[in-house]
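Student: Sharing a structure below in structure tokens format, with a few things to ask.
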Amino acid sequence: MSINSTSSKNLHRLENILIIGNGGRENSLAWAIQKNELVRQVYLIPGNAGSERINKCKRIKIDIENKNELVEKLNFLEIDLIVIGPEIPLANGLADFLRKKDFKVFGPGKDGAKLEYSKSWAKEFMKDANIPTANFWKVNSLAEAKKIIYSSLIPLVVKADGLASGKGVFIPDSKDECYRAAESIFNGKFGKSGDIVVLEEKIEGPEVSVFALCDGERYILLPTAQDHKRLNENDKGPNTGGMGAYSPTPLLTEDYLDRIIKEIVEPTIVELNKKNIDYRGVIYFGLMITQSGPKVIEYNCRFGDPECQTIMPLMDQNFVFLLEKCSMGNLTGDEKIDTLDKVSGCVIASSKGYPYDYKTGFPIKIGKIDSNDCQIFDSGTSLSKNGELITDGGRVLSIVCQDKDFDIAFEKAYKNLKEINFDGIYFRNDIGYQVRENFSKKN
Ligand code: AMP
Ligand code: GLY
């Protein structure tokens, strides 16, 4: 990536960076940020067992809810830039609080995070801005839901309005199933997140993830990505947080991406401005490419996981400048991201049982890894009492490789996966099937 209008000398101090979050996403952000020679130390709150394997990275034990202690510590560490990874602290207004304390923060305030933490608000937002999305009904009671479900002539999707760790969306096969989904949400399955239900027209098409780094007014797009949400091969089984990804996605040609920019990205930023929302962070557009064009399935106010682990290795040392510029509201919008013609593929190794119940605490063995343009980002790991790396989450490791084409990138990723083992390890063998030319011949 080269940023034409920027040289490292005329920028502010960027020695100490803080990243909040504990997943593979945050580790990959740390990995990309530490590449910059101005960066001396990257702190992670809380990070995970893989964080300190990354150059210049250090974990800090501190409760972000303890605001006084947090500010004291960040002042003591002379933090120059804060990157907030997950949606929950953003939805709770952590970025607003830290900005008020004069920190430079990459991550939207509570008002911008509403794009993610209230699906009904996001749908109204899109309606106001004429942004293509599935038709919807915002519903406040089960009786109301019942009426709509049983009179609907089209299949519906049922969603809890608030944050539900990716579990609040139901894609029913019948009206009765649809009703039961609404009933379970109104009965408190997701607590307060289910006080409102959104019923949506079911739409069809491949899904893609588009990320815009936004400084409040201007934006720059990261390479596009495609996630694999379903647990099992051939996109079967339950929805997960994501079992693997690749970037960029050839499905989005330059022309098509232009259409997405005109119909979706720019109108979103214009509408944010109209609503007086100074959005300084990443806008994640979860899109479906339907026969009638691109439609927004959802907005997120954070980087996707595992899309972030997939995209970060394509960034060069100037990436941190983009984050800083967003935090300060001074992107030019002309910054260029040059990925040196590499592509990237990521496969997630998960715990048996994920996305439902799973056990943790199993030792992770890692053999001889090809580290040439390959990374292993810990997603859910910790260290046992005797310092052994153990599983500590549903998604455990992100295995990421880059090369000039997807066949080689995924070949390297799967070769590395053969060297990794823990009790109950599970991964999909078909990640990137859409772009691996060798895939159908071999399988
Ligand atoms: P979300 O948590 O909103 O990303 O939804 C999870 C998944 O549900 C999406 O990735 C889609 O595969 C699916 N989905 C959500 N909304 C719709 C819709 N209106 N029509 C079809 N599928 C949907
Ligand atoms: N990979 C999907 C998400 O982060 O929501």
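Scheme for the structure tokens: letters A, B, ... for chains in order shown; per-chain residue numbers from 1; ligand numbers from 1 in order shown.
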Give the residues close to ligand 1, within 8 Å, counting only C-alpha atoms and all ligand atoms; write them as an NGL selection string.
Tutor: :A and (133-135 or 156-157 or 159 or 166-171 or 200-204 or 207 or 229 or 239 or 286 or 288 or 297-299)
Student: Could you take the residues named above and write them with C-alpha atoms, as an mmCIF file, in the first residue's frame?
Tutor:
```
data_model
loop_
_atom_site.group_PDB
_atom_site.id
_atom_site.type_symbol
_atom_site.label_atom_id
_atom_site.label_comp_id
_atom_site.auth_asym_id
_atom_site.auth_seq_id
_atom_site.Cartn_x
_atom_site.Cartn_y
_atom_site.Cartn_z
ATOM 1 C CA THR A 133 -31.986 -3.489 1.172
ATOM 2 C CA ALA A 134 -34.617 -6.182 1.754
ATOM 3 C CA ASN A 135 -38.140 -4.929 2.596
ATOM 4 C CA LEU A 156 -39.472 -13.925 5.694
ATOM 5 C CA VAL A 157 -36.348 -13.796 7.796
ATOM 6 C CA LYS A 159 -34.155 -10.936 13.429
ATOM 7 C CA GLY A 166 -24.381 -13.266 15.439
ATOM 8 C CA LYS A 167 -27.106 -15.615 16.723
ATOM 9 C CA GLY A 168 -30.138 -13.367 16.414
ATOM 10 C CA VAL A 169 -31.047 -14.156 12.797
ATOM 11 C CA PHE A 170 -33.420 -16.968 11.807
ATOM 12 C CA ILE A 171 -34.034 -18.164 8.250
ATOM 13 C CA GLU A 200 -37.438 -9.102 6.523
ATOM 14 C CA GLU A 201 -38.099 -10.199 2.998
ATOM 15 C CA LYS A 202 -35.804 -13.169 2.289
ATOM 16 C CA ILE A 203 -33.432 -12.315 -0.542
ATOM 17 C CA GLU A 204 -30.945 -14.478 -2.410
ATOM 18 C CA GLU A 207 -22.683 -12.470 0.101
ATOM 19 C CA LYS A 229 -20.703 -18.218 7.448
ATOM 20 C CA ASN A 239 -24.518 -20.005 10.838
ATOM 21 C CA GLY A 286 -22.550 -6.997 4.576
ATOM 22 C CA MET A 288 -25.967 -9.688 -0.933
ATOM 23 C CA ILE A 297 -27.990 -7.349 4.540
ATOM 24 C CA GLU A 298 -26.444 -5.656 7.538
ATOM 25 C CA TYR A 299 -24.103 -2.936 8.678
#
```
Student: Which residues, written as a PyMOL selection string, have at least one atom at most 7 Å from segment 55-57 of chain A, with only C-alpha atoms counted and residues fewer than 6 positions away on the same chain left out?
Tutor: chain A and resi 34+40-43
Student: Take the selection from the previous step and output its residues with N, CA and C atoms, as a compact mmCIF listing (two decimals), in the first residue's frame.
Tutor:
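Result file is out_3.txt:
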```
# COMPACT_ATOMS: atom_id res chain seq x y z
N GLN A 34 1.99 -2.98 13.65
CA GLN A 34 3.39 -2.98 14.13
C GLN A 34 4.41 -2.92 13.00
N ARG A 40 6.32 1.85 18.23
CA ARG A 40 7.30 1.22 19.12
C ARG A 40 6.64 0.06 19.88
N GLN A 41 5.40 0.26 20.26
CA GLN A 41 4.72 -0.76 21.06
C GLN A 41 3.23 -0.79 20.72
N VAL A 42 2.71 -2.00 20.61
CA VAL A 42 1.26 -2.14 20.43
C VAL A 42 0.73 -2.86 21.67
N TYR A 43 -0.17 -2.21 22.38
CA TYR A 43 -0.77 -2.81 23.57
C TYR A 43 -2.13 -3.38 23.21
```
Student: Could you give me, as a VMD selection string, each residue of segment 235-436 of chain A that DSSP assigns to helix (DSSP H, G or I) when run on this structure's backbone?
Tutor: chain A and resid 235 254 to 274 307 to 314 319 to 328 406 to 418
Student: If you count only C-alpha atoms and all ligand atoms, which residues end up within 8 Å of ligand 2, as JSON, numbers by chain?
Tutor: {"A": [166, 227, 228, 229, 241, 242, 300, 302, 303, 304, 305, 306, 307]}
Student: Which is closer to Lys192 of chain A than all the others in A:Glu233, A:Lys127, A:Ser118, A:Lys325, using only C-alpha atoms?
Tutor: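 Of all the options, A:Ser118 lies closest to Lys192 of chain A.
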Student: Given only C-alpha atoms as the basis, pick out the residue of A:Ile79, A:Pro363, A:Ile399, A:Phe125 nearest to Ser384 of chain A.
Tutor: A:Pro363
Student: Write down as a PyMOL selection string the residues of segment 181-343 of chain A whose backbone DSSP state falls under strand (DSSP E or B).
Tutor: chain A and resi 197-201+207-215+219-221+225-227+230-232+236-239+244-247+280-290+293-300+343
Student: For Asn438 of chain A, which residue out of A:Phe136, A:Tyr426, A:Tyr246, A:Phe406 is the nearest one, using only C-alpha atoms?
Tutor: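 Smallest distance to Asn438 of chain A is found for A:Phe406.
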Student: For atom CA of Pro46 of chain A and atom CA of Ser351 of chain A, quote the distance in Å rounded to one decimal.
Tutor: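 Rounded to one decimal, the two atoms are 21.3 Å apart.
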Student: Give me the residues within 12 Å of Leu153 of chain A as number ranges by chain, counting only C-alpha atoms and dropping any in the same chain fewer than 2 places off.
Tutor: A: 148-151, 155-156, 174-175, 201-202
Student: Filtering to all heavy atoms, could you give me those residues as a short mmCIF file (atom, residue, chain, number, x, y, z; two decimals), in the first residue's frame?
Tutor:
```cif
data_model
loop_
_atom_site.label_atom_id
_atom_site.label_comp_id
_atom_site.auth_asym_id
_atom_site.auth_seq_id
_atom_site.Cartn_x
_atom_site.Cartn_y
_atom_site.Cartn_z
N ILE A 148 -48.39 -10.35 10.44
CA ILE A 148 -47.55 -10.15 9.24
C ILE A 148 -47.10 -11.50 8.66
O ILE A 148 -47.17 -11.74 7.46
CB ILE A 148 -46.33 -9.26 9.57
CG1 ILE A 148 -46.82 -7.87 9.96
CG2 ILE A 148 -45.36 -9.19 8.39
CD1 ILE A 148 -45.79 -7.01 10.65
N ILE A 149 -46.65 -12.39 9.56
CA ILE A 149 -46.11 -13.68 9.10
C ILE A 149 -47.17 -14.46 8.33
O ILE A 149 -46.92 -14.96 7.23
CB ILE A 149 -45.58 -14.51 10.30
CG1 ILE A 149 -44.33 -13.83 10.89
CG2 ILE A 149 -45.26 -15.95 9.88
CD1 ILE A 149 -43.90 -14.35 12.25
N TYR A 150 -48.38 -14.56 8.92
CA TYR A 150 -49.39 -15.43 8.29
C TYR A 150 -50.09 -14.77 7.10
O TYR A 150 -50.75 -15.45 6.33
CB TYR A 150 -50.37 -15.96 9.34
CG TYR A 150 -49.70 -17.04 10.20
CD1 TYR A 150 -49.22 -16.74 11.47
CD2 TYR A 150 -49.49 -18.32 9.70
CE1 TYR A 150 -48.57 -17.70 12.24
CE2 TYR A 150 -48.83 -19.30 10.46
CZ TYR A 150 -48.38 -18.99 11.72
OH TYR A 150 -47.72 -19.94 12.47
N SER A 151 -49.91 -13.48 6.94
CA SER A 151 -50.53 -12.88 5.74
C SER A 151 -49.50 -12.61 4.65
O SER A 151 -49.84 -12.18 3.54
CB SER A 151 -51.24 -11.57 6.12
OG SER A 151 -50.28 -10.67 6.62
N PRO A 155 -41.44 -15.33 1.54
CA PRO A 155 -40.74 -15.90 2.70
C PRO A 155 -40.05 -14.79 3.50
O PRO A 155 -39.54 -13.83 2.93
CB PRO A 155 -39.69 -16.83 2.07
CG PRO A 155 -40.04 -16.97 0.64
CD PRO A 155 -40.87 -15.78 0.26
N LEU A 156 -40.04 -14.96 4.82
CA LEU A 156 -39.47 -13.93 5.69
C LEU A 156 -38.30 -14.45 6.51
O LEU A 156 -38.21 -15.65 6.79
CB LEU A 156 -40.55 -13.42 6.66
CG LEU A 156 -41.77 -12.75 6.03
CD1 LEU A 156 -42.80 -12.41 7.10
CD2 LEU A 156 -41.36 -11.48 5.27
N SER A 174 -40.74 -22.32 7.02
CA SER A 174 -42.21 -22.29 6.94
C SER A 174 -42.73 -21.13 7.80
O SER A 174 -41.99 -20.58 8.62
CB SER A 174 -42.79 -23.60 7.47
OG SER A 174 -42.51 -23.68 8.87
N LYS A 175 -44.02 -20.82 7.62
CA LYS A 175 -44.62 -19.74 8.41
C LYS A 175 -44.63 -20.10 9.90
O LYS A 175 -44.38 -19.24 10.75
CB LYS A 175 -46.06 -19.47 7.93
CG LYS A 175 -46.10 -18.73 6.59
CD LYS A 175 -47.53 -18.46 6.20
CE LYS A 175 -47.68 -17.94 4.80
NZ LYS A 175 -47.25 -16.57 4.60
N GLU A 201 -37.97 -9.44 4.24
CA GLU A 201 -38.10 -10.20 3.00
C GLU A 201 -36.82 -11.04 2.83
O GLU A 201 -35.71 -10.54 3.03
CB GLU A 201 -38.20 -9.18 1.86
CG GLU A 201 -38.04 -9.72 0.47
CD GLU A 201 -37.70 -8.60 -0.52
OE1 GLU A 201 -37.39 -7.47 -0.11
OE2 GLU A 201 -37.73 -8.89 -1.71
N LYS A 202 -36.99 -12.32 2.50
CA LYS A 202 -35.80 -13.17 2.29
C LYS A 202 -35.27 -12.91 0.88
O LYS A 202 -36.04 -13.01 -0.10
CB LYS A 202 -36.21 -14.64 2.45
CG LYS A 202 -35.06 -15.59 2.36
CD LYS A 202 -35.55 -16.99 2.66
CE LYS A 202 -34.48 -18.01 2.44
NZ LYS A 202 -34.97 -19.36 2.72
#
```
Student: Name all residues at most 12 Å from Ser141 of chain A (count only C-alpha atoms; drop same-chain ones fewer than 3 positions away) and give them as JSON, numbers by chain.
Tutor: {"A": [137, 138, 144, 145, 146, 147, 148, 179, 182, 183, 184, 185, 186, 187, 194, 195, 196, 197, 198, 199]}
Student: Residues near Leu397 of chain A, anyone? I mean within 10 Å using only C-alpha atoms, not counting same-chain ones fewer than 4 positions away, as an MDAnalysis selection string.
Tutor: chainID A and resid 23:24 50 346:351 364 376:381 391 393 417 420 425
Student: Nearest to Gly107 of chain A: which of A:Ile45, A:Ala212, A:Cys401, A:Cys301 is it, counting only C-alpha atoms?
Tutor: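 Smallest separation from Gly107 of chain A among the options: A:Cys301.
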Student: So how far away is atom CA of Ile390 of chain A from atom CA of Ile20 of chain A, in Å?
Tutor: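 Atom-to-atom, atom CA of Ile20 of chain A to atom CA of Ile390 of chain A, that is 21.7 Å.
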Student: Please measure the separation of atom CA of Leu272 of chain A and atom CA of Glu217 of chain A, giving the value in Å to one decimal.
Tutor: 8.9 Å
Student: Using only C-alpha atoms, which of A:Leu231, A:Pro89, A:Glu177, A:Met328 sits nearest Asp102 of chain A?
Tutor: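 Counting only C-alpha atoms, the residue closest to Asp102 of chain A is A:Met328.
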Student: Determine the nearest neighbour of Tyr354 of chain A from the options A:Gly216, A:Pro238, A:Gly281, A:Gly432, counting only C-alpha atoms.
Tutor: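 Comparing A:Gly216, A:Pro238, A:Gly281, A:Gly432 against Tyr354 of chain A, the winner is A:Pro238.
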Student: Would you pick out the contacts of Asp111 of chain A at 10 Å or less, using only C-alpha atoms, so that residues sharing its chain but fewer than 6 positions from it are not included, and give the list as an mmCIF file with all heavy atoms, in the first residue's frame?
Tutor:
```cif
data_model
loop_
_atom_site.group_PDB
_atom_site.id
_atom_site.type_symbol
_atom_site.label_atom_id
_atom_site.label_comp_id
_atom_site.auth_asym_id
_atom_site.auth_seq_id
_atom_site.Cartn_x
_atom_site.Cartn_y
_atom_site.Cartn_z
ATOM 1 N N LEU A 90 -18.073 -0.352 21.552
ATOM 2 C CA LEU A 90 -18.476 0.770 20.687
ATOM 3 C C LEU A 90 -19.926 1.149 20.975
ATOM 4 O O LEU A 90 -20.260 2.323 21.127
ATOM 5 C CB LEU A 90 -18.301 0.396 19.210
ATOM 6 C CG LEU A 90 -16.841 0.233 18.762
ATOM 7 C CD1 LEU A 90 -16.765 -0.466 17.404
ATOM 8 C CD2 LEU A 90 -16.131 1.586 18.703
ATOM 9 N N ALA A 91 -20.775 0.111 21.081
ATOM 10 C CA ALA A 91 -22.199 0.357 21.361
ATOM 11 C C ALA A 91 -22.377 0.978 22.746
ATOM 12 O O ALA A 91 -23.347 1.689 22.994
ATOM 13 C CB ALA A 91 -22.984 -0.946 21.261
ATOM 14 N N ASN A 92 -21.435 0.704 23.641
ATOM 15 C CA ASN A 92 -21.533 1.268 24.992
ATOM 16 C C ASN A 92 -20.907 2.653 25.096
ATOM 17 O O ASN A 92 -20.805 3.220 26.185
ATOM 18 C CB ASN A 92 -20.857 0.339 26.008
ATOM 19 C CG ASN A 92 -21.671 -0.919 26.220
ATOM 20 O OD1 ASN A 92 -22.870 -0.942 25.928
ATOM 21 N ND2 ASN A 92 -21.037 -1.979 26.685
ATOM 22 N N GLY A 93 -20.424 3.184 23.972
ATOM 23 C CA GLY A 93 -19.940 4.570 23.982
ATOM 24 C C GLY A 93 -18.498 4.742 24.424
ATOM 25 O O GLY A 93 -18.089 5.842 24.802
ATOM 26 N N ASP A 96 -16.665 7.473 22.434
ATOM 27 C CA ASP A 96 -17.047 8.836 22.835
ATOM 28 C C ASP A 96 -16.289 9.241 24.093
ATOM 29 O O ASP A 96 -15.748 10.343 24.185
ATOM 30 C CB ASP A 96 -18.553 8.917 23.143
ATOM 31 C CG ASP A 96 -19.405 8.389 22.015
ATOM 32 O OD1 ASP A 96 -19.662 9.135 21.080
ATOM 33 O OD2 ASP A 96 -19.801 7.201 22.063
ATOM 34 N N TYR A 117 -26.003 -1.966 16.308
ATOM 35 C CA TYR A 117 -26.687 -2.478 17.505
ATOM 36 C C TYR A 117 -28.201 -2.311 17.462
ATOM 37 O O TYR A 117 -28.890 -2.772 18.360
ATOM 38 C CB TYR A 117 -26.064 -1.943 18.796
ATOM 39 C CG TYR A 117 -26.404 -0.532 19.218
ATOM 40 C CD1 TYR A 117 -27.653 -0.215 19.748
ATOM 41 C CD2 TYR A 117 -25.450 0.470 19.136
ATOM 42 C CE1 TYR A 117 -27.952 1.069 20.157
ATOM 43 C CE2 TYR A 117 -25.742 1.766 19.542
ATOM 44 C CZ TYR A 117 -27.003 2.059 20.041
ATOM 45 O OH TYR A 117 -27.286 3.331 20.447
ATOM 46 N N LEU A 272 -25.221 9.530 7.172
ATOM 47 C CA LEU A 272 -24.622 9.706 8.505
ATOM 48 C C LEU A 272 -24.417 11.194 8.778
ATOM 49 O O LEU A 272 -24.738 11.695 9.854
ATOM 50 C CB LEU A 272 -23.270 8.968 8.591
ATOM 51 C CG LEU A 272 -23.342 7.442 8.738
ATOM 52 C CD1 LEU A 272 -21.974 6.810 8.494
ATOM 53 C CD2 LEU A 272 -23.849 7.043 10.130
ATOM 54 N N LYS A 275 -27.519 13.020 9.547
ATOM 55 C CA LYS A 275 -27.982 12.745 10.910
ATOM 56 C C LYS A 275 -26.974 13.241 11.948
ATOM 57 O O LYS A 275 -27.049 12.852 13.125
ATOM 58 C CB LYS A 275 -28.232 11.241 11.069
ATOM 59 C CG LYS A 275 -29.410 10.745 10.237
ATOM 60 C CD LYS A 275 -29.756 9.303 10.545
ATOM 61 C CE LYS A 275 -31.158 8.879 10.141
ATOM 62 N NZ LYS A 275 -31.698 9.335 8.888
ATOM 63 N N ASN A 276 -26.011 14.044 11.481
ATOM 64 C CA ASN A 276 -24.998 14.622 12.384
ATOM 65 C C ASN A 276 -24.165 13.587 13.105
ATOM 66 O O ASN A 276 -23.796 13.766 14.269
ATOM 67 C CB ASN A 276 -25.657 15.521 13.438
ATOM 68 C CG ASN A 276 -25.934 16.869 12.848
ATOM 69 O OD1 ASN A 276 -25.130 17.356 12.031
ATOM 70 N ND2 ASN A 276 -27.065 17.442 13.204
ATOM 71 N N ILE A 277 -23.889 12.493 12.419
ATOM 72 C CA ILE A 277 -23.064 11.448 13.037
ATOM 73 C C ILE A 277 -21.661 11.531 12.434
ATOM 74 O O ILE A 277 -21.490 11.385 11.226
ATOM 75 C CB ILE A 277 -23.690 10.053 12.807
ATOM 76 C CG1 ILE A 277 -25.050 10.002 13.512
ATOM 77 C CG2 ILE A 277 -22.758 8.959 13.308
ATOM 78 C CD1 ILE A 277 -25.829 8.731 13.285
ATOM 79 N N ASP A 278 -20.699 11.802 13.300
ATOM 80 C CA ASP A 278 -19.309 11.955 12.872
ATOM 81 C C ASP A 278 -18.626 10.586 13.000
ATOM 82 O O ASP A 278 -18.029 10.279 14.031
ATOM 83 C CB ASP A 278 -18.651 13.002 13.784
ATOM 84 C CG ASP A 278 -17.229 13.306 13.364
ATOM 85 O OD1 ASP A 278 -16.824 12.914 12.258
ATOM 86 O OD2 ASP A 278 -16.517 13.938 14.172
ATOM 87 N N TYR A 279 -18.751 9.782 11.963
ATOM 88 C CA TYR A 279 -18.363 8.362 12.045
ATOM 89 C C TYR A 279 -16.878 8.193 11.712
ATOM 90 O O TYR A 279 -16.483 8.293 10.563
ATOM 91 C CB TYR A 279 -19.217 7.564 11.059
ATOM 92 C CG TYR A 279 -19.178 6.066 11.264
ATOM 93 C CD1 TYR A 279 -20.282 5.393 11.775
ATOM 94 C CD2 TYR A 279 -18.050 5.315 10.941
ATOM 95 C CE1 TYR A 279 -20.256 4.021 11.962
ATOM 96 C CE2 TYR A 279 -18.012 3.948 11.129
ATOM 97 C CZ TYR A 279 -19.126 3.306 11.642
ATOM 98 O OH TYR A 279 -19.097 1.940 11.820
#
```
